[in-house]
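First up is the structure itself, then whatever we jot down about it.
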Amino acid sequence: MTFLDFQALSPLLALTATILVVLMIIAYNRNHKVVCTTTVIGLFITLATIPCVIGIDPVQVTQLLVIDRFALLLITLIALVTIAVSLLAYDYFDGNSGRPEEFYLLLMLSALGGMVLVSSTHFASFLLGLELLSISLYALISYPIKGLIPLEAAVKYLILSGVASATLLMGAALLYAGLGTLSFEQLGSGFYPEQATVQAYIVIGSALLLTGLAFKLSLVPFHMWTPDVYEGAPAPVTAFVATVSKGAIFALMVRFFVLTGAFEYQSILVGLSVFAIGSMLAGNLLALMQNNVKRMLAYSSIAHIGYLLVAFISGGITGGMALALEASIFFLVAYIVTTLGAFGIVTILSNSDESRDCDALENYTGLFWRRPALAGAFSIILFSLAGIPLTAGFIGKFYIIAAGVKGTLWLLIATLVVGSGIGIYYYLRVIYTMTLKSTSTEPIRIPVASGWVMLLVTATILTLGVYPTPFIDMLGDLAKSLT
Amino acid sequence: MEIALFYIAATIALVSTFLVLTNFNAAHGLIYLIISLLASAVIFYVVGAPFAAALEILVYAGAIMVLFVFVVMMLNMGQQGIDQEHEWLNLRMWIVPSILSLILLAEIIYVLAAGSVLLPGHGVEPKAVGMSLFGPYVLAVEIASMLLLAGLVGAYQLGRRYLEENREEDNQ
């Protein structure tokens, strides 16, 4: 490893150093405020190292990781989401029984796993990053020591995520058996062999790989764990699972497909299309029946990953790769910001000392009259999820339809339109509930840090929706550099 | 012949893993799990990775399984536990595990006696493993260290739930 390698890795090194510092602080003296502040400062230092890397990218650090614009964008995103989740969690755990300090440690370890994932170019770093992300998440999901719901959610996630990892490993083993390498780039050069046996290895290996990824992305028919885990996990952790964990895995999938060119296999594209159609339909239809905001958002996130796949699949059509990448990255960013906001609202209304988070729909009755600002922010977030103009969600969906039209994926676009139509009903139902006359007069306190996070999230959603040009230009350059 | 050795060991691994799942008694299940791990170690040995075979036995069959067996046994204390241990030491229970282990032992003796009965390909020496771990895969070792830290902190956090519940019971 050269100095350049270390410079390229500086965001990951800064985060690792922060983890160790926080570990030492916890060992020396437990103080919630100090630990949370150190975490946030460490994450800002991580962000500050990114400009030092931009000049020298792309750097291939050993054969395991590559630090390029794509990885840097997602590392920035992961760091920002982790800051937001830390601040939300501070208010969620503040002044309550239990020890909240290790939460930040696990959160940063999980974020580190996500950062490794988005820069992996090798199965070794891919699986290690994935496990680092998931193992920290098991502990985070079961973090509140009161109540059995988080524990149940963690056990479900542990078993299903373990099965998914095993499937991924089996797929990687078959690809290795067929091609004799674990590096994505070298896999790509041998991905279209003459011999039928090797081809069979590749197709079955990729199918197992896709199954594992679909589990982690909660695509239909591998989505069963999602609503239970989202409901059972404490609200800040749900925000993290829905954003960082899914975003990092999707980024890995993009990199794998771009480097290996797995798109050329028709069977893989058909498999992806089945996932996409199933997720868009089942996600939206099942969300209709939910009276629990967390479960509704879980099903809506299943549908959103389905939309994301539409843009991704259009990359398989000749010459559509740049637009497909641009569209899917934009949609991913919009999805991450919006979902973070949605679970942020649930976090503000909840408290870790209560046995349940504030997730029943009736808890939101009359929110407009009790806390107009909070209800207004939630409405903007829901509009963005529904894809209504002036929000990031609209531009994202528009982009996806553009990519789909270019790829002439008519069936997928039709499903997307139908799915979005169904979606509007259950998003508006929440807004309708918020406008009803309130029965409760209990005041709602909005903590300072969480309030700022929500303000920034809402502002970002509106900015991306009204004036997305600078961001789109940046994504255009990025997509060109990847392909 | 080498292929036959592989298939025998693989069958033992599959059968014993199946018995782990179908066994209602945790201690008996663990015995079969150990045999399953020994069988995979034999497979590693036969295909020319003696170092991986040794690690499989040291780490899984050795350290981790002993911990498992300890925990399962510690959870049953008192007279009831003693009765249960009598039941575990029932000779009939040992017949199938012994037969499976003896087959594996015979395989290992055969391989050792024949000298170089390895599948085509090259053997992987411990030195080569070390060279690649601290050469091209050094980042993987670093990430794995963070993975262990995550596991440690996570286990501590899960254990605290148990401690806290006990404390509440003591207070009442």
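By convention here, the chains of the structure tokens are called A, B, ... in the order presented, each chain's residues are numbered starting at 1, and ligands are numbered starting at 1 in the order presented.
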message: Using only C-alpha atoms, which protein or nucleic acid residues come within 12 Å of Ala128 of chain B? Drop anything in the same chain fewer than 6 positions from it, and give the result as number ranges by chain.
response: B: 49, 51-52, 122, 134-136
query: For chain A, which residues have at least one atom within 8 Å of chain B, if we go by only C-alpha atoms? Write them as a PyMOL selection string, please.
result: chain A and resi 62-64+102+106+109+124-125+128-129+131-132+135-136+138-140+142-143+145-146
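Atom CA of Thr11 of chain B sits 12.4 Å away from atom CA of Leu37 of chain B.
Residues surrounding segment 95-99 of chain B within 12 Å are Ile12, Ala13, Val15, Ser16, Thr17, Leu19, Val20, His28, Gly29, Leu30, Ile31, Tyr32, Leu33, Ile34, Ile35, Ser36, Leu38, Ala39, Leu89, Asn90, Leu91, Ile103, Leu104, Leu105 and Ala106 of chain B [only C-alpha atoms; sequence separation below 4 positions excluded].
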- prompt: Leaving out Asn284 of chain A and any residue of its chain fewer than 3 positions from it, which residues lie within 9 Å of it when counting only C-alpha atoms, given as a ChimeraX atom specification?
  reply: /A:279-281,287-288,296,299-300,302-303,419-420,422-423,426
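Shortest atom-to-atom contact with Leu58 of chain B among B:Ala41, B:Ile8, B:Val72, B:Met131: B:Ala41, counting only C-alpha atoms.
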- request: Tell me which protein, DNA and RNA residues are within 12 Å of Leu55 of chain B, counting only C-alpha atoms, leaving out same-chain ones fewer than 4 positions away, and put them as number ranges by chain.
  value: B: 37-38, 40-42, 44-45, 49-51, 59-64, 126, 129
Atom pair atom CA of Pro193 of chain A / atom CA of Arg255 of chain A: separation (Å): 21.0 Å
- request: For Met321 of chain A, please output as a ChimeraX atom specification all residues within 9 Å (counting only C-alpha atoms; exclusion window: fewer than 2 positions along the same chain).
  value: /A:258,312,314-319,323-326,479-480,483
task: Would you list, as an MDAnalysis selection string, the residues of segment 10-185 of chain A that end up in alpha helix (DSSP H) under DSSP run on this structure's backbone?
output: chainID A and resid 10:28 32:54 69:93 101:118 123:141 149:179 184:185
message: Report as a count of residues only all protein, DNA and RNA residues lying within 9 Å of segment 11-28 of chain A, evaluated on only C-alpha atoms, omitting residues in the same chain fewer than 2 positions from it.
response: 35
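Checking B:Leu133, B:Ile43, B:Leu163, B:Ala113 one by one against Glu56 of chain B, counting only C-alpha atoms, you find the shortest gap at B:Ile43.
Separating atom CA of Thr408 of chain A from atom CA of Ile329 of chain A is a distance of 19.9 Å.
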